[in-house]
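Student: This is the structure I want to talk about, given as C-alpha cells.
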Amino acid sequence: MVDMGVKIGGLALANPVMPASGTFAEGLADVVDFNRLGAMVTKTITAELRSGNRVPRVAEISNGLLNSIGIPSKGLDYFLSETLPFYRQFASPLVVSISAPTADAFAVLAGRLQLPGIAAIEANISCPNIEEDGHAFAMSAASTSQVMRKLRAASSLPLWAKLTPNTGDVVAVARAAEDAGADALVVANTILAMSIDTETRRPTLGNIMGGLSGPAVKPIIVRMTYQCARAVAIPVIGCGGIADANDAVEFMLAGAAAVQVGTATFVEPHAMTQVIDGLAAYCARKGVGRVADLTGAVSDAGLRLGDTEVLP
Amino acid sequence: MVDMGVKIGGLALANPVMPASGTFAEGLADVVDFNRLGAMVTKTITAELRSGNRVPRVAEISNGLLNSIGIPSKGLDYFLSETLPFYRQFASPLVVSISAPTADAFAVLAGRLQLPGIAAIEANISCPNIEEDGHAFAMSAASTSQVMRKLRAASSLPLWAKLTPNTGDVVAVARAAEDAGADALVVANTILAMSIDTETRRPTLGNIMGGLSGPAVKPIIVRMTYQCARAVAIPVIGCGGIADANDAVEFMLAGAAAVQVGTATFVEPHAMTQVIDGLAAYCARKGVGRVADLTGAVSDAGLRLGDTEVLP
Amino acid sequence: MTAARTMAANTAGNALRLPGSGVDDVRALVLSNERVNDSYNLLVVEAPGPARNAVAGQFFHLQCPTTGEDAPYLRRPMSTYRADPQSGVVEFLYKVSGAGTRGLASLVAGDYLSMLGPLGVGFALEPDWRHIVVLGRGVGLATLAPLAEMAAARNIGVTAVISARDQDQVLSVPRFAAIGARIEIVLDSDGSSSVDHVERLLRRIHTEGHADAFFTCGSNRLMLLMQRLGDELGIAGQVAMEQQMACGLGMCHCCVRDFRVGGETVSRRVCWDGPVFPLAEATSW
Amino acid sequence: MTAARTMAANTAGNALRLPGSGVDDVRALVLSNERVNDSYNLLVVEAPGPARNAVAGQFFHLQCPTTGEDAPYLRRPMSTYRADPQSGVVEFLYKVSGAGTRGLASLVAGDYLSMLGPLGVGFALEPDWRHIVVLGRGVGLATLAPLAEMAAARNIGVTAVISARDQDQVLSVPRFAAIGARIEIVLDSDGSSSVDHVERLLRRIHTEGHADAFFTCGSNRLMLLMQRLGDELGIAGQVAMEQQMACGLGMCHCCVRDFRVGGETVSRRVCWDGPVFPLAEATSW
Ligand SMILES: Cc1cc2nc3c(=O)[nH]c(=O)nc-3n(C[C@H](O)[C@H](O)[C@H](O)COP(=O)(O)OP(=O)(O)OC[C@H]3O[C@@H](n4cnc5c(N)ncnc54)[C@H](O)[C@@H]3O)c2cc1C
Ligand SMILES: Cc1cc2nc3c(=O)[nH]c(=O)nc-3n(C[C@H](O)[C@H](O)[C@H](O)COP(=O)(O)OP(=O)(O)OC[C@H]3O[C@@H](n4cnc5c(N)ncnc54)[C@H](O)[C@@H]3O)c2cc1C
Ligand SMILES: Cc1cc2nc3c(=O)[nH]c(=O)nc-3n(C[C@H](O)[C@H](O)[C@H](O)COP(=O)(O)O)c2cc1C
Ligand SMILES: Cc1cc2nc3c(=O)[nH]c(=O)nc-3n(C[C@H](O)[C@H](O)[C@H](O)COP(=O)(O)O)c2cc1C
Ligand code: FES
Ligand code: FES
C-alpha cells in the first residue's frame with residue numbers, strides 16, 4: 001500500500017490532488033465523489049458582487065483553453081449562506097480562494113473567513129491590484145509582500161499564495177510570499193494570451209485577451225514549479241496543464257508537494273480521481289512507499305547521450 | 001494579383017515571411033528556394049567561438065519543442081569567410097542575428113557587420129547579459145535601452161530587437177527598444193520551460209531547462225504581438241508557433257508587419273513557402289489587395305454572442 | 001439518486017441539493033450515425049443509464065473524436081433528441097458545423113462515445129395544461145421533439161410549428177406526427193416563416209384554445225415573437241437556449257446569458273440554471 | 001543537381017556547395033509495412049526520386065503518423081535500408097521503440113508517408129579497397145546492408161559480422177548472402193558476441209587479408225573495438241552514428257556528438273557532417 005498522504009504546511013491531506021480554483025463547483029458532486037479529493041478549492045470569491053467579463057468567455061485552442069471568465073461573484077454573504085454549507089457535507093478540507101482589489105480589502109475578506117469548515121485560504125494574488133495601475137499583486141515581489149503580510153496578520157488559517165506566470169521573476173515573488181508568511185505557494189494561474197478568428201477578424205474572446213490553461217502551458221509551469229521549489233522552503237502546489245497521473249508525477253518530481261487539476265476536469269470530469277489512482281499505481285510500480293517521496297526527486301543530471309542508443 | 005510586399009522600416013521585403021533565427025541554415029537550400037523568402041535570417045552568431053549546451057538539446061512535447069541548443073558559434077571570422085558568401089548567392093535580403101555578453105561587445109560585433117550582402121542586424125537581446133547576473137538584456141527596459149543605444153551608435157544598418165517573452169513587461173521593453181532607435185521588433189524568442197521523463201526521473205534536456213517553441217506558444221506570442229504593436233510605432237515581426245498561413249494571418253491581424261517561421265520548418269521544410277502561398281490565397285479570397293493591409297486589422301470589438309447562434 | 005432536474009424542481013437552492021442527481025459519465029456504444037439531410041446527422045447510441053434519466057430539454061456533453069484534420073479539445077453540448085428507458089437508446093440530431101461536430105460525424109457503428117449527462121434543467125409541464133405550442137427551427141427541433149412526446153404521455157395536446165429554409169430542411173415531422181400533434185410547417189422559401197405570418201398562426205392557435213403554454217428553441221427571432229405574444233396574451237412559456245460551454249456542470253461560468261428578472265438584468269449559466277428558462281425572462285441573443 | 005554527398009565528397013566547405021543536392025520532400029506511397037521479427041518492421045515505399053539519389057549511409061527524415069495514442073511532432077531519422085533506382089522503391093528497417101516508430105508501424109499499404117531526403121553524408125569506398133569488413137548489430141545492419149551491395153557492385157569483397165541477442169534477432173542475412181558476402185554471426189546467447197571473441201574474429205579476417213577497411217554501426221562497444229583494432233592494424237574505417245534530430249538539415253545543432261580530431265575535441269552535427277564519420281575520430285557515446 002502506497003502512503004498517499006501529504007502535508008501542506010500544517011494541513012494534512014489524504015492525497016496530493018485537488019481542483020484548481022474556477023474549475024470546480026457544486027455541480028461536479030453529481031459526478032465525482034468529493035470525499036476522495038485531497039482538498040476542495042472554491043472558485044475565487046470577492047466580498048462584493050461582480051459580474052465577470054463579456055462573452056465569449058472561452059475559446060478552444062490547440063491543446064488548451066483560453067478564458068476570460070473574470071471573477072463573477074455573488075459576494076461573501078451568498079458564499080457563507082449557500083456555498084459553505086454545501087461543502088460542509090464533505091470530509092475533504094475546503095480551501096477558499098479569495099480576491100480583492102486592495103491589500104486591505106484582501107485582509108478584511110480573509111478575516112471574515114476564519115470559520116468552521118474552512119481549512120485554508122488561497123489568495124488569488126494574480127488578480128489586478130487597483131492601487132498598482134491594475135497590475136496583479138503577484139507581478140512584483142513588493143506588492144506580493146505587502147498583501148501577504150496583511151493577510152497573515154488578518155488570519156491564522158493556513159495561507160496559500162497563488163502566483164501568476166506572467167511575471168518576469170517568479171522566484172523573487174515566491175520568496176516574497178514566503179517571507180511574508182505564506183504557508184504554501186500555488187504555481188500558477190493562467191498565462192495571458194490571445195487568439196483571433198481569421199475569418200471574422202475578431203478576437204475569439206469578448207475580452208480580447210484571456211488566460212491560457214491546459215496541456216499547452218504544462219512545460220512552462222513545470223519550469224516555474226522547479227524554480228520556486230528550489231527557492232523556498234514552504235510547499236509548492238503545482239497547477240498548469242495536469243491531465244493525467246504522469247503529468248502529476250512530472251510536477252511532483254519538479255518539486256510540487258501537491259497538484260491542482262483545472263481545465264482537464266472540463267474534458268474528463270473524473271480527471272482528479274484518475275490522477276489519484278494513477279499516482280498510487282505509479283508509486284506501486286516504481287516501489288515508492290510514500291507519494292510525498294516524489295516531491296523534488298528529479299535527477300538534475302539530465303538525460304545522458306547513451307540513453308538514446310538503439311541496442312536490441 | 002495581391003501585392004505581397006511589406007516594408008520593415010527602411011527595408012522593403014518581397015513578402016512578409018522569413019525564417020526565425022536558429023531554425024534556418026545552408027542545408028535548407030537543398031530543399032527550398034531561398035529566393036522566394038521575404039528575408040533570410042541567420043542563426044545567432046557571436047564574435048567568439050562557443051560550444052553550446054549538453055545533449056539532449058531538444059525534447060518533443062505535445063504540440064511543441066523544447067530546446068537548449070545554446071549558441072554554438074564558429075565565431076565571426078568563420079561567418080565572414082564561409083557563411084556570408086553562401087548567402088550572397090541569393091537575392092533575398094540577409095538579416096544577421098547577433099549576440100554578445102555585454103552591451104559594448106554587442107556594439108563592436110554590429111560594427112564589424114556593416115558589409116555588402118547584410119541588409120539588417122537582428123539583436124538577439126534575449127540572451128544572458130553577464131553584467132546583469134546573467135539576466136537577458138530584454139528582461140528589463142533599462143538594459144534593453146542600454147544595449148540598443150550602443151548598437152544604434154555602432155551601426156547604420158536597420159536594427160531589429162528580438163524580445164524575450166519571459167519578461168513580465170514586454171510592452172515596456174518594446175518601448176525602450178523603440179526609444180533607443182530600433183527599426184523593428186521581433187516578438188519573440190522562446191519561453192523558458194522544462195519537462196521531466198517520469199520513467200528515468202531525468203529532465204529531458206541535458207541543460208534541464210530550455211526554450212519552448214512551436215504551436216503551444218502561439219496564443220501567448222500573439223498576445224504579446226498585439227500588445228507591442230499597439231504600444232510602438234515601429235513594425236513588429238511576429239514569431240512563435242507559426243506553422244501555416246492561417247497562423248501568419250492571425251499574427252498580422254494582431255499587429256505584425258511580417259512573420260518568422262521557426263520550428264514548423266523542422267516538421268515541414270516547405271513551411272515558409274507554404275505560408276507565402278497561403279497568405280496570397282487568403283488575401284485573394286478575402287479581397288485584400290495588399291498583404292500589408294492585414295497588419296493590425298483585428299476588429300477589437302470581440303466576437304458577439306449572436307455569432308454562435310445555430311441557424312440553418 | 002434524486003430525480004432529474006426540471007425547471008420546476010430547480011427552485012431549491014444549491015445548499016439543499018444532494019450530490020448525485022443521476023448524471024452519468026459513460027462510454028456509449030455507437031449504434032448508428034447517419035445523414036438525415038444535407039446538413040443534419042442522427043447519432044444513435046446505447047447508454048442505458050442516461051436513457052433512463054434524461055428529461056426533454058436536458059443535454060449531454062459529448063467528447064468529440066479527434067480526426068485527421070480536427071482535434072476538438074472541449075466537449076460539445078447536444079440536446080437529448082430521444083432517450084428511451086426501454087431500449088436504453090439515446091439519440092442526438094446534430095448539424096455539422098465545426099471541429100467538434102465534424103468529429104462526431106466521423107463516428108461509425110461500433111465506436112464508443114464518451115458522454116456526460118443528462119445535464120441541466122429540462123422542460124416542465126404544469127398539471128393543468130391541456131394544449132401546448134412548440135415552435136422550433138433547425139436543431140431547435142431536436143430539443144422540442146422529446147418535449148412533445150413527454151406532453152403526449154401526459155395527455156397534453158401539442159401543436160408543432162416547424163420553421164425551415166425549405167421543404168428539404170424540415171426536420172422531425174414523423175416524431176411529431178407519431179404522437180398525433182397538429183403540425184404547421186412554415187418556410188423561408190414561400191415566405192410563410194416570416195414573423196408576421198407566424199404571429200398570425202400563433203394567434204389563431206391561441207384563439208382555438210390550444211395554447212396553454214409556449215415552448216421554443218433554435219431561433220432568436222421566433223423566441224422574441226413568442227415572448228411578446230406570451231406577454232400580451234398571458235401565456236406561460238419556456239425557451240431552451242444555447243451558449244458555448246466548457247464544463248457543462250456550472251463550474252466555469254463561460255455559458256452565461258442575460259435574463260430580465262423583476263426589472264433587473266441577471267446573468268445565468270445556460271448549462272446549470274438552464275438550458276430551459278422561463279420565456280418571459282429571456283433576452284435577445 | 002549535384003551528386004549525393006558521401007564522406008569523401010564532403011570535404012569542401014559550405015561556401016562552395018551549390019544549393020540543390022538531390023534532397024526531395026515527397027509524399028511516398030506505402031507499398032507494404034510488415035513485421036520482420038518480434039522487434040523489427042520493414043517499410044517499403046514507392047519514391048522514385050529518392051530511390052535514385054540515395055547512397056548507403058544516408059538517411060531520410062520521416063513524418064510519423066499521429067495515432068490514437070501518439071502525436072509525434074518532429075520527424076524521425078531512418079537509414080536507407082534499400083534504395084532501388086530501377087523499381088523506385090525505398091525500404092526502411094526499423095525497431096518499434098516509441099511514439100514515432102509506433103506511428104510508422106501504423107502505416108498500411110496505400111497510405112502516404114512524407115519523407116525528406118536522402119540526407120547527410122553516406123559511406124565512401126576507396127578505389128583501392130578489395131575487401132571490407134562490416135560489423136553491425138540491431139538496426140545498425142539496416143545501415144550496413146546497402147553498403148555491402150554498393151561494395152559488391154564495385155567488386156569489393158565483403159565480410160559481414162552480424163551481432164545479435166540470439167538467432168531469432170539476426171537480421172538481413174539474405175541481403176548479405178545475395179551479394180556473396182562471407183557471413184559471421186555472433187550471438188549473446190552463446191557468448192560469441194563478446195568483445196574478446198569478436199576481436200579474435202576480426203584479427204583472423206585481417207590476417208586472411210580481407211580487411212582493407214572497417215565499417216560499423218549500431219553498437220558503441222563494437223565501434224570502440226573496431227576503432228582500437230583499426231588504429232593498431234592501420235585499417236581505415238567509417239562509422240555511422242545516431243543522435244536525436246530535429247531538422248535533419250544541419251540547421252538546429254541538436255544532433256551534435258564529440259569527435260577527436262588532431263588531439264582536439266570537436267562537435268559535429270550527425271545529420272549534416274555525418275551520419276557517416278571516420279572511425280578514428282569517433283568517441284564513445
Ligand atoms: C444545451 C445545448 C444543446 C444543443 N443541442 C444541439 C443539438 O441538439 N443539435 C445541434 O446540432 N446542436 C446543438 N447545440 C449546438 C452545438 O453544441 C454546437 O453546434 C456545437 O458545439 C458546435 O461545435 P463545433 O465544434 O462543431 O463548431 P465550432 O463553431 O467550431 O465551435 C467552436 C466553439 O463554439 C461553440 N459553439 C459553436 N456553436 C455553438 C452553439 N450553437 N451553441 C453552443 N456552443 C456553440 C463550440 O462548442 C465550440 O466551443 C446545442 C448547444 C447547447 C448549448
Ligand atoms: C541517421 C539515423 C539513422 C537511423 N536509422 C534507423 C534505422 O534504420 N532503423 C531504426 O530502427 N532506427 C534508426 N535510427 C533510430 C531512430 O531514429 C529512432 O529509433 C527513432 O527516432 C525513435 O523514435 P521514437 O519516437 O519511436 O522513440 P522515442 O524514444 O519515443 O523518441 C524520443 C525522441 O528521441 C529520439 N530518439 C530516440 N532514439 C533515438 C536514436 N536511436 N537515434 C536518434 N534519435 C533517437 C527520437 O527521434 C525522438 O526525438 C536512426 C537514427 C539516426 C540518427
Ligand atoms: C474557466 C477558468 C476559470 C478560472 N477561474 C479562476 C479563479 O477564479 N481563480 C483562480 O485563482 N484561478 C482561476 N483559474 C485558473 C486555474 O485555477 C488554473 O490556475 C489554471 O487553469 C491552470 O491550470 P489547468 O491548466 O489545470 O487548467 C481559472 C481557469 C479556468 C480555465
Ligand atoms: C532549435 C532552435 C534554435 C534556436 N536558436 C535561436 C537563436 O540562435 N537565436 C534566436 O534569436 N532565436 C533562436 N531560436 C528561437 C526562434 O528563433 C524563435 O524565436 C522561436 O523558436 C519561436 O518561433 P517558432 O515557434 O516558430 O519556432 C531557436 C529556436 C529553436 C527551436
Ligand atoms: S459550461 Fe461551465 S458553467 Fe456552464
Ligand atoms: S538535426 Fe538539426 S542540425 Fe542535425
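Naming works like this for the C-alpha cells: A, B, ... for the chains as they're shown, residue 1 at the start of each chain, ligands 1 onward in shown order.
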Compute the set of protein, DNA and RNA residues whose minimum atom distance to ligand 6 is at most 10 Å, using only C-alpha atoms and all ligand atoms, and state it as an MDAnalysis selection string.
Tutor: (chainID B and resid 22:25 27 58 69 266) or (chainID D and resid 61 75:77 120 243:256 268:275)
Student: Residues near C:Asp25, anyone? I mean within 9 Å using only C-alpha atoms, not counting same-chain ones fewer than 4 positions away, as a ChimeraX atom specification.
Tutor: /A:31,268-270 /C:50,114-117
Student: Dump the neighbourhood of ligand 2 as number ranges by chain: all residues within 8 Å, distances computed on only C-alpha atoms and all ligand atoms.
Tutor: A: 308-310; B: 58-60; D: 40, 57-60, 72, 74-81, 92-103, 120, 139-143, 240-246, 255, 270-271, 274-275
Student: Would you list the contacts of C:Ala47 as a PyMOL selection string, taking every protein, DNA or RNA residue within 9 Å and counting only C-alpha atoms, but skipping same-chain residues closer than 4 positions in sequence?
Tutor: chain C and resi 26-29+51-52+83+88-90+115
Student: With C-alpha atoms retained, could you export that selection as a compact mmCIF listing (two decimals), in the first residue's frame?
Tutor:
# COMPACT_ATOMS: atom_id res chain seq x y z
CA VAL C 26 -20.29 6.76 -19.74
CA ARG C 27 -18.64 5.34 -22.81
CA ALA C 28 -21.64 4.67 -25.00
CA LEU C 29 -21.64 2.23 -27.91
CA ALA C 51 -31.56 6.80 -21.34
CA ARG C 52 -33.36 6.21 -18.05
CA ALA C 83 -33.91 8.93 -24.53
CA GLY C 88 -31.54 2.09 -23.45
CA VAL C 89 -31.05 4.15 -26.57
CA VAL C 90 -30.15 7.84 -26.68
CA MET C 115 -20.94 11.27 -22.91
Student: Which chain C residues are at most 7 Å from chain B (counting only C-alpha atoms), as a list of chain:residue names?
Tutor: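 Every residue of chain C that passes the 7 Å test is in C:Gly138, C:Gly218, C:Ser219, C:Trp285.
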Student: What does the file look like for those residues with N, CA and C atoms, as a short mmCIF file (atom, residue, chain, number, x, y, z; two decimals), in the first residue's frame?
Tutor:
data_model
loop_
_atom_site.label_atom_id
_atom_site.label_comp_id
_atom_site.auth_asym_id
_atom_site.auth_seq_id
_atom_site.Cartn_x
_atom_site.Cartn_y
_atom_site.Cartn_z
N GLY C 138 -34.57 24.45 -37.16
CA GLY C 138 -33.25 23.81 -37.21
C GLY C 138 -33.10 22.81 -36.09
N GLY C 218 -34.20 27.54 -30.87
CA GLY C 218 -33.49 27.50 -32.15
C GLY C 218 -33.53 28.77 -32.98
N SER C 219 -34.32 29.77 -32.58
CA SER C 219 -34.34 31.00 -33.36
C SER C 219 -34.61 32.17 -32.44
N TRP C 285 -30.55 37.24 -28.16
CA TRP C 285 -29.13 36.80 -28.21
C TRP C 285 -28.55 37.00 -29.57
#
Student: Write down as a PyMOL selection string the residues of stretch 31-167 of chain C whose backbone DSSP state falls under strand (DSSP E or B).
Tutor: chain C and resi 31-35+40-46+59-62+76-79+82-84+89-95+112-119+121-122+131-137+157-164
Student: Just want the 8 Å neighbourhood of stretch 176-183 of chain D, counted on only C-alpha atoms, with same-chain residues fewer than 4 positions away dropped. Output as a ChimeraX atom specification.
Tutor: /D:145,148-149,152,157-162,172
Student: Those same residues, written as a PDB file, in the first residue's frame with N, CA, C and O atoms?
Tutor:
ATOM      1  N   ALA D 145      23.638  -2.948 -44.709  1.00  0.00           N
ATOM      2  CA  ALA D 145      23.252  -3.845 -45.811  1.00  0.00           C
ATOM      3  C   ALA D 145      23.422  -3.171 -47.179  1.00  0.00           C
ATOM      4  O   ALA D 145      24.038  -3.764 -48.081  1.00  0.00           O
ATOM      5  N   ALA D 148      27.064  -2.999 -48.236  1.00  0.00           N
ATOM      6  CA  ALA D 148      27.610  -4.254 -48.772  1.00  0.00           C
ATOM      7  C   ALA D 148      27.269  -4.374 -50.252  1.00  0.00           C
ATOM      8  O   ALA D 148      28.103  -4.781 -51.075  1.00  0.00           O
ATOM      9  N   GLU D 149      26.067  -3.990 -50.597  1.00  0.00           N
ATOM     10  CA  GLU D 149      25.661  -4.070 -52.014  1.00  0.00           C
ATOM     11  C   GLU D 149      26.448  -3.080 -52.868  1.00  0.00           C
ATOM     12  O   GLU D 149      26.840  -3.394 -53.998  1.00  0.00           O
ATOM     13  N   ALA D 152      29.794  -4.643 -53.388  1.00  0.00           N
ATOM     14  CA  ALA D 152      29.737  -5.749 -54.354  1.00  0.00           C
ATOM     15  C   ALA D 152      29.662  -5.213 -55.778  1.00  0.00           C
ATOM     16  O   ALA D 152      30.322  -5.735 -56.695  1.00  0.00           O
ATOM     17  N   GLY D 157      35.026  -7.312 -52.086  1.00  0.00           N
ATOM     18  CA  GLY D 157      34.514  -8.408 -51.264  1.00  0.00           C
ATOM     19  C   GLY D 157      34.075  -7.915 -49.898  1.00  0.00           C
ATOM     20  O   GLY D 157      34.601  -6.936 -49.381  1.00  0.00           O
ATOM     21  N   VAL D 158      33.066  -8.573 -49.333  1.00  0.00           N
ATOM     22  CA  VAL D 158      32.513  -8.147 -48.049  1.00  0.00           C
ATOM     23  C   VAL D 158      32.498  -9.297 -47.050  1.00  0.00           C
ATOM     24  O   VAL D 158      32.045 -10.400 -47.386  1.00  0.00           O
ATOM     25  N   THR D 159      33.001  -9.047 -45.862  1.00  0.00           N
ATOM     26  CA  THR D 159      32.771  -9.969 -44.759  1.00  0.00           C
ATOM     27  C   THR D 159      31.832  -9.264 -43.783  1.00  0.00           C
ATOM     28  O   THR D 159      32.135  -8.158 -43.321  1.00  0.00           O
ATOM     29  N   ALA D 160      30.682  -9.879 -43.514  1.00  0.00           N
ATOM     30  CA  ALA D 160      29.688  -9.255 -42.634  1.00  0.00           C
ATOM     31  C   ALA D 160      29.691  -9.968 -41.297  1.00  0.00           C
ATOM     32  O   ALA D 160      29.425 -11.174 -41.230  1.00  0.00           O
ATOM     33  N   VAL D 161      30.016  -9.234 -40.238  1.00  0.00           N
ATOM     34  CA  VAL D 161      29.935  -9.802 -38.892  1.00  0.00           C
ATOM     35  C   VAL D 161      28.659  -9.259 -38.262  1.00  0.00           C
ATOM     36  O   VAL D 161      28.516  -8.056 -38.043  1.00  0.00           O
ATOM     37  N   ILE D 162      27.732 -10.155 -38.037  1.00  0.00           N
ATOM     38  CA  ILE D 162      26.386  -9.765 -37.600  1.00  0.00           C
ATOM     39  C   ILE D 162      26.205 -10.170 -36.146  1.00  0.00           C
ATOM     40  O   ILE D 162      26.254 -11.347 -35.815  1.00  0.00           O
ATOM     41  N   SER D 172      18.879  -9.429 -41.752  1.00  0.00           N
ATOM     42  CA  SER D 172      19.497  -9.043 -43.022  1.00  0.00           C
ATOM     43  C   SER D 172      20.435 -10.078 -43.638  1.00  0.00           C
ATOM     44  O   SER D 172      21.091  -9.775 -44.639  1.00  0.00           O
TER      45      SER D 172
END
Student: Check every residue of chain C for an atom within 10 Å of chain D, counting only C-alpha atoms, and provide those that qualify as an MDAnalysis selection string.
Tutor: chainID C and resid 65:68
Student: Take the residues that were just selected and, keeping all heavy atoms, output them as an mmCIF file, in the first residue's frame.
Tutor:
data_model
loop_
_atom_site.group_PDB
_atom_site.id
_atom_site.type_symbol
_atom_site.label_atom_id
_atom_site.label_comp_id
_atom_site.auth_asym_id
_atom_site.auth_seq_id
_atom_site.Cartn_x
_atom_site.Cartn_y
_atom_site.Cartn_z
ATOM 1 N N PRO C 65 -14.625 13.012 -31.235
ATOM 2 C CA PRO C 65 -13.370 12.372 -31.631
ATOM 3 C C PRO C 65 -12.439 13.323 -32.373
ATOM 4 O O PRO C 65 -12.874 14.219 -33.091
ATOM 5 C CB PRO C 65 -13.814 11.242 -32.564
ATOM 6 C CG PRO C 65 -15.241 10.988 -32.236
ATOM 7 C CD PRO C 65 -15.796 12.311 -31.785
ATOM 8 N N THR C 66 -11.149 13.092 -32.177
ATOM 9 C CA THR C 66 -10.104 13.733 -32.968
ATOM 10 C C THR C 66 -10.054 13.035 -34.319
ATOM 11 O O THR C 66 -10.114 11.818 -34.396
ATOM 12 C CB THR C 66 -8.761 13.573 -32.227
ATOM 13 O OG1 THR C 66 -8.820 14.356 -31.042
ATOM 14 C CG2 THR C 66 -7.590 14.031 -33.079
ATOM 15 N N THR C 67 -9.982 13.838 -35.366
ATOM 16 C CA THR C 67 -9.867 13.244 -36.703
ATOM 17 C C THR C 67 -8.535 13.684 -37.313
ATOM 18 O O THR C 67 -7.754 14.375 -36.669
ATOM 19 C CB THR C 67 -11.012 13.734 -37.611
ATOM 20 O OG1 THR C 67 -10.853 15.156 -37.786
ATOM 21 C CG2 THR C 67 -12.369 13.450 -37.013
ATOM 22 N N GLY C 68 -8.311 13.291 -38.542
ATOM 23 C CA GLY C 68 -7.081 13.721 -39.215
ATOM 24 C C GLY C 68 -6.936 15.239 -39.202
ATOM 25 O O GLY C 68 -5.854 15.759 -38.961
#
Student: From the options A:Ala257, A:Ala174, A:Ala136, A:Ala292, which residue's atoms come nearest to chain B, counting only C-alpha atoms?
Tutor: A:Ala136
Student: With only C-alpha atoms as the basis for distance, which of C:Pro278, C:Gly191, C:Gly209, C:Gly263 is at the shortest distance from C:Gln227?
Tutor: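 For C:Gln227, the nearest of the given residues is C:Pro278.
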Student: Can you tell me which residues surround B:Leu185 at a distance of at most 12 Å, considering only C-alpha atoms, apart from same-chain residues fewer than 5 positions away, and format the answer as a ChimeraX atom specification?
Tutor: /B:8-9,121-125,138,144,148,158-164,170-171,173-180,224-225,228-229,231-239,255-260
Student: Looking only at helix (DSSP H, G or I) from DSSP on the backbone, list the matching residues of stretch 171-224 of chain C as an MDAnalysis selection string.
Tutor: chainID C and resid 173:178 195:207 220:224
Student: Now that the selection is made, can you save its residues with N, CA, C and O atoms as a compact mmCIF listing (two decimals), in the first residue's frame?
Tutor:
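What ended up in again-v6.txt:
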# COMPACT_ATOMS: atom_id res chain seq x y z
N VAL C 173 -40.67 15.80 -38.51
CA VAL C 173 -42.12 15.72 -38.67
C VAL C 173 -42.68 14.37 -38.22
O VAL C 173 -43.67 14.32 -37.48
N PRO C 174 -42.05 13.25 -38.60
CA PRO C 174 -42.62 11.96 -38.18
C PRO C 174 -42.70 11.81 -36.67
O PRO C 174 -43.63 11.20 -36.14
N ARG C 175 -41.71 12.40 -35.96
CA ARG C 175 -41.73 12.32 -34.50
C ARG C 175 -42.97 13.01 -33.94
O ARG C 175 -43.65 12.51 -33.04
N PHE C 176 -43.26 14.20 -34.48
CA PHE C 176 -44.45 14.93 -34.00
C PHE C 176 -45.72 14.24 -34.45
O PHE C 176 -46.70 14.15 -33.71
N ALA C 177 -45.70 13.75 -35.69
CA ALA C 177 -46.89 13.08 -36.23
C ALA C 177 -47.23 11.85 -35.39
O ALA C 177 -48.40 11.57 -35.11
N ALA C 178 -46.20 11.12 -34.97
CA ALA C 178 -46.42 9.86 -34.25
C ALA C 178 -47.22 10.06 -32.97
O ALA C 178 -47.95 9.16 -32.53
N VAL C 195 -42.06 36.58 -39.54
CA VAL C 195 -42.59 36.83 -38.20
C VAL C 195 -44.08 37.15 -38.26
O VAL C 195 -44.88 36.63 -37.48
N ASP C 196 -44.47 37.95 -39.24
CA ASP C 196 -45.89 38.31 -39.40
C ASP C 196 -46.77 37.09 -39.53
O ASP C 196 -47.79 36.95 -38.87
N HIS C 197 -46.36 36.23 -40.44
CA HIS C 197 -47.19 35.06 -40.70
C HIS C 197 -47.24 34.13 -39.49
O HIS C 197 -48.30 33.63 -39.12
N VAL C 198 -46.07 33.91 -38.86
CA VAL C 198 -46.05 33.02 -37.69
C VAL C 198 -46.88 33.64 -36.57
O VAL C 198 -47.58 32.94 -35.84
N GLU C 199 -46.84 34.98 -36.46
CA GLU C 199 -47.64 35.64 -35.43
C GLU C 199 -49.12 35.36 -35.65
O GLU C 199 -49.86 35.01 -34.72
N ARG C 200 -49.57 35.49 -36.90
CA ARG C 200 -51.00 35.22 -37.18
C ARG C 200 -51.34 33.77 -36.83
O ARG C 200 -52.38 33.49 -36.24
N LEU C 201 -50.40 32.87 -37.17
CA LEU C 201 -50.62 31.45 -36.89
C LEU C 201 -50.77 31.20 -35.39
O LEU C 201 -51.70 30.52 -34.92
N LEU C 202 -49.87 31.79 -34.60
CA LEU C 202 -49.90 31.57 -33.15
C LEU C 202 -51.18 32.16 -32.55
O LEU C 202 -51.81 31.56 -31.67
N ARG C 203 -51.57 33.34 -33.06
CA ARG C 203 -52.81 33.95 -32.56
C ARG C 203 -54.01 33.06 -32.86
O ARG C 203 -54.92 32.92 -32.05
N ARG C 204 -53.99 32.44 -34.03
CA ARG C 204 -55.11 31.56 -34.39
C ARG C 204 -55.14 30.36 -33.44
O ARG C 204 -56.19 29.98 -32.92
N ILE C 205 -53.96 29.77 -33.21
CA ILE C 205 -53.89 28.61 -32.31
C ILE C 205 -54.40 29.00 -30.92
O ILE C 205 -55.15 28.26 -30.28
N HIS C 206 -54.02 30.20 -30.50
CA HIS C 206 -54.47 30.68 -29.20
C HIS C 206 -55.98 30.86 -29.18
O HIS C 206 -56.67 30.46 -28.23
N THR C 207 -56.50 31.44 -30.26
CA THR C 207 -57.95 31.67 -30.36
C THR C 207 -58.70 30.33 -30.30
O THR C 207 -59.77 30.23 -29.71
N ASN C 220 -33.74 33.12 -32.47
CA ASN C 220 -33.87 34.33 -31.65
C ASN C 220 -35.13 35.10 -32.05
O ASN C 220 -35.90 35.56 -31.22
N ARG C 221 -35.32 35.24 -33.34
CA ARG C 221 -36.43 35.98 -33.91
C ARG C 221 -37.77 35.39 -33.45
O ARG C 221 -38.67 36.10 -32.98
N LEU C 222 -37.88 34.08 -33.53
CA LEU C 222 -39.13 33.43 -33.15
C LEU C 222 -39.31 33.44 -31.62
O LEU C 222 -40.43 33.54 -31.12
N MET C 223 -38.20 33.36 -30.89
CA MET C 223 -38.27 33.44 -29.44
C MET C 223 -38.85 34.79 -29.02
O MET C 223 -39.75 34.86 -28.17
N LEU C 224 -38.36 35.88 -29.67
CA LEU C 224 -38.85 37.22 -29.32
C LEU C 224 -40.33 37.36 -29.64
O LEU C 224 -41.09 37.96 -28.88
Student: For ligand 1, which of C:Leu42, C:Leu187, C:Leu135, C:Val23 is the closest residue, counting only C-alpha atoms and all ligand atoms?
Tutor: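 Checking each of C:Leu42, C:Leu187, C:Leu135, C:Val23 against ligand 1, counting only C-alpha atoms and all ligand atoms, the winner is C:Leu42.
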Student: Report, in Å with one decimal, the straight-line distance from atom CA of A:Asn246 to atom 14 (N, counted along the ligand's line) of ligand 3.
Tutor: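 Atom 14 (N, counted along the ligand's line) of ligand 3 lies 21.5 Å from atom CA of A:Asn246.
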